[in-house]
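J.: Please find work_35.cif (mmCIF, C-alpha atoms) on the next line:
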```
data_final
loop_
_atom_site.label_atom_id
_atom_site.label_comp_id
_atom_site.auth_asym_id
_atom_site.auth_seq_id
_atom_site.Cartn_x
_atom_site.Cartn_y
_atom_site.Cartn_z
CA MET H 1 3.70 43.17 -78.24
CA ALA H 2 2.76 45.21 -81.22
CA THR H 3 1.84 48.83 -80.89
CA THR H 4 -1.61 50.13 -81.58
CA VAL H 5 -2.40 51.31 -85.03
CA ALA H 6 -3.21 54.47 -86.89
CA ALA H 7 -6.66 55.07 -88.28
CA GLY H 8 -8.11 52.15 -90.17
CA VAL H 9 -6.63 48.85 -89.16
CA HIS H 10 -8.34 45.93 -90.78
CA GLY H 11 -8.62 42.48 -89.39
CA ASN H 12 -6.31 40.87 -91.89
CA GLY H 13 -3.47 43.09 -90.87
CA ALA H 14 -3.82 45.63 -93.62
CA ILE H 15 -3.41 49.19 -92.54
CA ALA H 16 -5.40 51.51 -94.73
CA SER H 17 -4.42 55.09 -94.51
CA SER H 18 -6.12 57.88 -96.29
CA LYS H 19 -3.61 60.34 -94.98
CA SER H 20 -2.34 62.85 -97.41
CA VAL H 21 1.09 64.26 -96.83
CA ASN H 22 -0.48 67.34 -95.30
CA SER H 23 -2.73 65.54 -92.89
CA LEU H 24 0.21 63.39 -91.92
CA ARG H 25 1.65 66.53 -90.51
CA LYS H 26 -1.29 66.96 -88.20
CA LEU H 27 -0.16 65.33 -85.07
CA SER H 28 -3.64 64.22 -84.16
CA HIS H 29 -3.44 61.83 -87.07
CA LEU H 30 0.06 60.76 -86.31
CA SER H 31 -1.09 58.20 -83.86
CA SER H 32 0.20 54.71 -83.40
CA LEU H 33 1.35 52.37 -86.05
CA GLN H 34 1.17 48.69 -85.62
CA PHE H 35 3.96 46.31 -86.25
CA PRO H 36 2.23 42.95 -86.44
CA THR H 37 4.39 39.95 -85.79
CA GLN H 38 4.05 38.84 -89.36
CA LEU H 39 3.84 41.71 -91.73
CA ARG H 40 1.67 40.65 -94.60
CA SER H 41 0.04 42.87 -97.09
CA PHE H 42 -0.74 46.32 -95.83
CA THR H 43 -1.34 49.75 -97.17
CA ILE H 44 0.29 52.89 -96.04
CA ARG H 45 -0.46 56.16 -97.67
CA ASN H 46 -2.17 54.57 -100.64
CA GLN H 47 0.75 52.33 -101.44
CA THR H 48 0.38 48.63 -100.91
CA PHE H 49 3.30 46.62 -99.66
CA LYS H 50 3.56 42.88 -99.84
CA SER H 51 5.37 40.55 -97.49
CA LYS H 52 8.51 42.45 -96.55
CA PRO H 53 7.34 46.02 -96.13
CA THR H 54 9.39 48.98 -97.15
CA LEU H 55 7.95 51.51 -94.78
CA HIS H 56 8.45 55.02 -96.01
CA LEU H 57 8.30 57.29 -92.99
CA VAL H 58 6.85 55.79 -89.90
CA GLU H 59 5.83 57.21 -86.59
CA ALA H 60 5.30 54.72 -83.87
CA LYS H 61 3.68 55.25 -80.52
CA GLN H 62 3.62 52.96 -77.57
CA GLN H 63 6.12 50.54 -78.92
CA THR H 64 7.50 48.00 -76.60
CA LEU H 65 11.24 47.95 -76.41
CA SER H 66 11.35 44.52 -78.01
CA SER H 67 9.14 45.48 -80.95
CA PHE H 68 11.26 48.55 -81.50
CA VAL H 69 14.43 46.47 -81.54
CA ASP H 70 12.66 44.04 -83.91
CA VAL H 71 11.99 46.81 -86.39
CA LEU H 72 15.61 47.91 -86.24
CA GLU H 73 17.02 44.43 -86.71
CA ASN H 74 14.64 43.33 -89.44
CA SER H 75 14.86 46.44 -91.54
CA ASP H 76 16.40 45.98 -94.95
CA ARG H 77 17.94 49.44 -94.76
CA PRO H 78 19.61 51.52 -92.07
CA VAL H 79 17.03 53.19 -89.86
CA LEU H 80 17.17 56.83 -88.84
CA VAL H 81 15.24 57.23 -85.63
CA ASP H 82 13.93 60.67 -84.71
CA PHE H 83 13.23 61.01 -80.99
CA PHE H 84 10.83 63.88 -80.56
CA ALA H 85 8.15 65.42 -78.34
CA THR H 86 4.89 67.12 -79.25
CA TRP H 87 5.71 70.49 -77.73
CA CYS H 88 9.32 70.63 -78.80
CA GLY H 89 9.48 73.43 -81.39
CA PRO H 90 12.61 72.28 -83.24
CA CYS H 91 11.14 68.76 -83.44
CA GLN H 92 8.07 70.11 -85.20
CA PHE H 93 10.30 72.16 -87.44
CA MET H 94 11.88 68.90 -88.56
CA VAL H 95 8.60 67.24 -89.60
CA PRO H 96 8.50 68.50 -93.20
CA ILE H 97 12.27 68.17 -93.47
CA LEU H 98 12.10 64.52 -92.51
CA GLU H 99 9.34 63.98 -95.06
CA GLN H 100 11.57 65.48 -97.70
CA VAL H 101 14.64 63.50 -96.70
CA SER H 102 12.61 60.34 -96.42
CA ALA H 103 11.36 60.74 -99.98
CA LEU H 104 14.79 61.59 -101.34
CA MET H 105 16.56 58.76 -99.57
CA LYS H 106 13.86 56.11 -99.54
CA ASP H 107 16.12 53.46 -101.07
CA LYS H 108 18.90 54.18 -98.65
CA ILE H 109 17.24 54.56 -95.25
CA GLN H 110 14.02 54.15 -93.39
CA ILE H 111 12.95 56.91 -91.03
CA LEU H 112 11.21 56.04 -87.80
CA LYS H 113 9.83 58.64 -85.41
CA ILE H 114 9.52 57.93 -81.73
CA ASP H 115 7.42 60.11 -79.47
CA THR H 116 9.46 60.20 -76.28
CA GLU H 117 6.39 60.99 -74.18
CA GLU H 118 4.68 57.82 -75.35
CA ASN H 119 7.76 55.64 -75.45
CA HIS H 120 9.47 56.57 -72.23
CA SER H 121 11.35 53.31 -71.80
CA ILE H 122 12.80 53.44 -75.29
CA ALA H 123 13.91 57.04 -74.77
CA ASP H 124 15.43 56.06 -71.44
CA LYS H 125 17.24 53.11 -72.90
CA TYR H 126 19.00 55.27 -75.44
CA ARG H 127 19.61 57.99 -72.86
CA ILE H 128 17.82 60.64 -74.84
CA GLU H 129 18.21 64.11 -73.38
CA ALA H 130 17.96 66.95 -75.87
CA LEU H 131 15.21 66.87 -78.45
CA PRO H 132 15.26 66.21 -81.29
CA THR H 133 17.87 63.46 -81.12
CA PHE H 134 18.58 61.40 -84.21
CA ILE H 135 20.15 57.97 -84.02
CA LEU H 136 21.13 56.12 -87.17
CA PHE H 137 20.90 52.37 -86.72
CA LYS H 138 22.63 49.89 -88.94
CA ASP H 139 21.91 46.17 -88.45
CA GLY H 140 20.08 47.08 -85.30
CA LYS H 141 23.00 48.92 -83.76
CA PRO H 142 23.48 52.67 -83.37
CA CYS H 143 26.19 53.91 -85.71
CA ASP H 144 25.67 57.65 -85.46
CA ARG H 145 23.92 60.02 -83.11
CA PHE H 146 23.30 63.75 -83.28
CA GLU H 147 21.01 66.35 -81.78
CA GLY H 148 19.22 69.41 -83.00
CA ALA H 149 17.17 70.63 -85.91
CA MET H 150 18.88 71.23 -89.23
CA ALA H 151 18.16 71.85 -92.88
CA ALA H 152 17.42 68.95 -95.18
CA GLU H 153 20.74 69.27 -97.01
CA LYS H 154 22.69 69.10 -93.80
CA LEU H 155 20.73 66.10 -92.58
CA ILE H 156 21.29 64.27 -95.86
CA GLN H 157 24.98 65.08 -95.72
CA ARG H 158 25.26 63.74 -92.19
CA ILE H 159 23.42 60.52 -93.02
CA GLU H 160 25.45 59.90 -96.16
CA THR H 161 28.71 60.52 -94.34
CA SER H 162 27.73 58.05 -91.62
CA LEU H 163 26.67 55.43 -94.12
CA LYS H 164 29.95 55.81 -96.00
CA VAL H 165 31.99 55.42 -92.83
CA GLU H 166 30.16 52.19 -92.08
CA GLN H 167 31.20 50.77 -95.43
CA MET R 1 14.23 83.34 -78.90
CA LYS R 2 17.24 82.10 -77.11
CA ALA R 3 15.44 81.40 -73.88
CA LEU R 4 13.04 79.16 -75.68
CA GLN R 5 15.67 77.46 -77.70
CA ALA R 6 16.51 73.98 -76.64
CA SER R 7 20.13 73.05 -76.35
CA THR R 8 20.13 72.22 -80.01
CA SER R 9 21.86 73.64 -82.99
CA TYR R 10 18.67 75.23 -84.19
CA ASN R 11 19.28 78.82 -85.17
CA VAL R 12 17.31 81.71 -83.81
CA GLY R 13 15.80 83.95 -86.45
CA PHE R 14 15.94 87.69 -86.35
CA GLY R 15 13.70 90.47 -87.24
CA ILE R 16 11.13 91.30 -84.67
CA SER R 17 11.29 93.91 -82.03
CA ALA R 18 10.06 93.38 -78.52
CA ALA R 19 6.95 95.38 -79.37
CA ALA R 20 5.89 92.98 -82.09
CA PRO R 21 2.49 91.30 -81.88
CA PRO R 22 2.32 87.91 -80.23
CA PRO R 23 3.60 85.02 -82.30
CA ARG R 24 0.98 83.26 -84.35
CA PRO R 25 1.42 79.85 -85.92
CA SER R 26 2.49 80.31 -89.51
CA ARG R 27 -0.07 79.26 -92.08
CA HIS R 28 2.56 77.23 -93.82
CA ARG R 29 3.30 75.28 -90.68
CA HIS R 30 1.35 72.13 -90.07
CA VAL R 31 -1.30 72.20 -87.38
CA ILE R 32 -0.47 70.58 -84.10
CA LEU R 33 -3.30 68.93 -82.27
CA ALA R 34 -1.97 67.19 -79.24
CA GLN R 35 -3.91 65.04 -76.87
CA VAL R 36 -3.65 67.63 -74.13
CA GLU R 37 -3.67 71.35 -74.79
CA PRO R 38 -2.35 73.81 -72.23
CA THR R 39 -4.81 76.25 -70.67
CA GLU R 40 -5.20 79.59 -72.38
CA LYS R 41 -4.21 81.34 -69.21
CA SER R 42 -0.88 79.54 -69.00
CA VAL R 43 -0.19 80.12 -72.66
CA GLU R 44 -0.79 83.82 -72.15
CA ILE R 45 1.46 83.87 -69.11
CA MET R 46 4.26 82.09 -70.94
CA ARG R 47 3.87 84.27 -73.99
CA LYS R 48 4.30 87.40 -71.90
CA PHE R 49 7.16 85.78 -70.03
CA SER R 50 8.87 84.91 -73.30
CA GLU R 51 8.47 88.37 -74.76
CA GLN R 52 9.77 89.95 -71.61
CA TYR R 53 12.75 87.62 -71.54
CA ALA R 54 13.52 88.40 -75.18
CA ARG R 55 13.38 92.12 -74.44
CA ARG R 56 15.61 91.89 -71.40
CA SER R 57 18.13 89.56 -72.96
CA GLY R 58 18.20 91.32 -76.32
CA THR R 59 17.20 88.16 -78.15
CA TYR R 60 14.49 87.42 -80.69
CA PHE R 61 11.86 84.83 -81.40
CA CYS R 62 12.45 82.36 -84.17
CA VAL R 63 11.66 83.69 -87.62
CA GLU R 64 9.31 80.72 -87.92
CA LYS R 65 6.64 81.81 -85.48
CA GLY R 66 5.02 78.40 -85.55
CA VAL R 67 8.08 77.02 -83.82
CA THR R 68 7.92 79.71 -81.15
CA SER R 69 4.26 78.99 -80.64
CA VAL R 70 4.92 75.29 -80.12
CA VAL R 71 7.59 75.98 -77.54
CA ILE R 72 5.44 78.50 -75.67
CA LYS R 73 2.64 75.97 -75.57
CA GLY R 74 5.07 73.37 -74.31
CA LEU R 75 6.18 75.65 -71.52
CA ALA R 76 2.55 76.37 -70.67
CA GLU R 77 1.68 72.69 -70.66
CA HIS R 78 4.48 71.94 -68.22
CA LYS R 79 3.45 74.88 -66.07
CA ASP R 80 -0.05 73.41 -65.92
CA THR R 81 0.99 69.86 -65.16
CA LEU R 82 4.19 70.32 -63.18
CA GLY R 83 3.76 73.78 -61.70
CA ALA R 84 6.87 75.06 -63.48
CA PRO R 85 7.76 75.74 -67.14
CA LEU R 86 10.15 72.86 -67.69
CA CYS R 87 11.90 72.99 -71.05
CA PRO R 88 9.71 71.12 -73.56
CA CYS R 89 12.69 70.28 -75.76
CA ARG R 90 14.19 67.66 -73.52
CA HIS R 91 13.44 64.15 -72.36
CA TYR R 92 13.47 63.57 -68.63
CA ASP R 93 13.55 60.53 -66.43
CA ASP R 94 11.31 62.19 -63.83
CA LYS R 95 9.67 65.43 -64.89
CA TYR R 96 8.30 66.26 -61.46
CA ALA R 97 11.70 65.92 -59.86
CA GLU R 98 13.27 68.03 -62.60
CA ALA R 99 10.67 70.77 -62.20
CA GLN R 100 11.38 70.86 -58.48
CA GLN R 101 15.11 70.85 -58.98
CA GLY R 102 14.89 73.78 -61.40
CA PHE R 103 17.91 73.43 -63.68
CA TRP R 104 15.74 72.97 -66.76
CA ASN R 105 12.98 75.37 -65.79
CA CYS R 106 12.72 78.18 -68.30
CA PRO R 107 14.88 80.21 -68.50
CA CYS R 108 17.12 77.23 -68.02
CA VAL R 109 20.67 77.45 -66.74
CA PRO R 110 22.33 76.61 -70.08
CA MET R 111 20.45 79.42 -71.80
CA ARG R 112 21.15 81.90 -69.07
CA GLU R 113 24.81 81.10 -69.41
CA ARG R 114 24.92 81.57 -73.17
#
```
Please express what this file holds, its structure, as structure tokens.
T.:
Amino acid sequence: MATTVAAGVHGNGAIASSKSVNSLRKLSHLSSLQFPTQLRSFTIRNQTFKSKPTLHLVEAKQQTLSSFVDVLENSDRPVLVDFFATWCGPCQFMVPILEQVSALMKDKIQILKIDTEENHSIADKYRIEALPTFILFKDGKPCDRFEGAMAAEKLIQRIETSLKVEQ
Amino acid sequence: MKALQASTSYNVGFGISAAAPPPRPSRHRHVILAQVEPTEKSVEIMRKFSEQYARRSGTYFCVEKGVTSVVIKGLAEHKDTLGAPLCPCRHYDDKYAEAQQGFWNCPCVPMRER
């Protein structure tokens, strides 16, 4: 059920990542991330999380539809999902912007990136067409959806507006 | 470059003439190492195609040349695998069918109509 993991998965479920922010941007290192059924203690980017993880910015490959839905429903914050493709220029343009927004809004949202080439069924389910497409999920349900690359300020504005509307 | 722009709100940058040197990935842009790289030949073909299209349509490549480079590589990759430069900025149910159908082959219909 779970996806395969990025470099350095240990037997006890801990994910050790020595990625710096810069190497995170190298797509060859942005491989799969595992979502074990029971998330115990694991490390991501030199930060250790206990029990309920607060994942900072996560890219997941080869997720099953059910594990993806699991992540959305069990998240303690709204989840912004970025549907992207490797050779989509605007999607790559958004990589550092999403890092920035993720850091600025880490208490408010979790950002999850889905490679549409690796997760075809998930992309199909949400009828993704243009890339990048962003869907904001609250309590596991889509509450906003928009397409296209944009500056960090604009993205933050859009997210905050959507979150306000929900309340 | 408008032809290489996906149907997104991403803005095209200005500033280079058609005679400018080929786009190189910006040093400030992160490196992209995908599982499959397009052939050099296809990349060259798509680069020339893109420059020619920009010249003829009076449009320009993105000011961030790394972005242009990614898109050109995406077009090349599709040309290699599908036989046609399908737009790399979209998700498709059946890429082969789409490449045969042609609507999203670069220069795609929506861009030509802009």
J.: With the PyMOL selection byres ((chain H) within 7 of (chain R)) as the selection, what would be picked from this file? Answer as a ChimeraX atom specification, please.
T.: /H:25-28,86-90,93,116,124,128-131,147-150
J.: I need the chosen residues saved as a compact mmCIF listing (two decimals), keeping the file's coordinate frame, with C-alpha atoms.
T.:
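Saved file result_10.txt follows:
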```
# COMPACT_ATOMS: atom_id res chain seq x y z
CA ARG H 25 1.65 66.53 -90.51
CA LYS H 26 -1.29 66.96 -88.20
CA LEU H 27 -0.16 65.33 -85.07
CA SER H 28 -3.64 64.22 -84.16
CA THR H 86 4.89 67.12 -79.25
CA TRP H 87 5.71 70.49 -77.73
CA CYS H 88 9.32 70.63 -78.80
CA GLY H 89 9.48 73.43 -81.39
CA PRO H 90 12.61 72.28 -83.24
CA PHE H 93 10.30 72.16 -87.44
CA THR H 116 9.46 60.20 -76.28
CA ASP H 124 15.43 56.06 -71.44
CA ILE H 128 17.82 60.64 -74.84
CA GLU H 129 18.21 64.11 -73.38
CA ALA H 130 17.96 66.95 -75.87
CA LEU H 131 15.21 66.87 -78.45
CA GLU H 147 21.01 66.35 -81.78
CA GLY H 148 19.22 69.41 -83.00
CA ALA H 149 17.17 70.63 -85.91
CA MET H 150 18.88 71.23 -89.23
```
J.: Which one is closest to Pro78 of chain H: H:Gln63, H:Gln110, H:Ser121, H:Gln92? Count only C-alpha atoms.
T.: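 Ranked by minimum distance to Pro78 of chain H, first place goes to H:Gln110.
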J.: One decimal, Å: what's the distance from atom CA of Leu72 of chain H over to atom CA of Ala151 of chain H, could you say?
T.: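 About the pair atom CA of Leu72 of chain H and atom CA of Ala151 of chain H: they are 25.0 Å apart.
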J.: Selection in question (the file shown): the PyMOL selection byres ((chain H and resi 98) around 9). Which residues does it include, as number ranges by chain?
T.: H: 57, 82, 94-97, 99-103, 111, 152, 155
J.: What's the 12 Å shell around Lys164 of chain H, counting all atoms listed in the file, without same-chain residues fewer than 5 positions away, as a PDB file with C-alpha atoms, in the coordinates of the input?
T.:
```
ATOM      1  CA  PRO H  78      19.610  51.520 -92.070  1.00  0.00           C
ATOM      2  CA  LYS H 108      18.900  54.180 -98.650  1.00  0.00           C
ATOM      3  CA  LYS H 138      22.630  49.890 -88.940  1.00  0.00           C
ATOM      4  CA  CYS H 143      26.190  53.910 -85.710  1.00  0.00           C
ATOM      5  CA  ASP H 144      25.670  57.650 -85.460  1.00  0.00           C
ATOM      6  CA  GLN H 157      24.980  65.080 -95.720  1.00  0.00           C
ATOM      7  CA  ARG H 158      25.260  63.740 -92.190  1.00  0.00           C
ATOM      8  CA  ILE H 159      23.420  60.520 -93.020  1.00  0.00           C
TER       9      ILE H 159
END
```
J.: Using only C-alpha atoms, which residues sit within 12 Å of Asp80 of chain R once same-chain residues fewer than 5 positions away are excluded, as a PyMOL selection string?
T.: chain R and resi 36-43+45-46+73-75+85-86+96+99
J.: What's the separation between atom CA of Ile122 of chain H and atom CA of Thr81 of chain R, in Å to one decimal place?
T.: 22.6 Å
J.: One decimal, in Å: what's the spacing between atom CA of Asp139 of chain H and atom CA of Lys125 of chain H?
T.: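 Value for the atom CA of Asp139 of chain H-atom CA of Lys125 of chain H distance: 17.7 Å.
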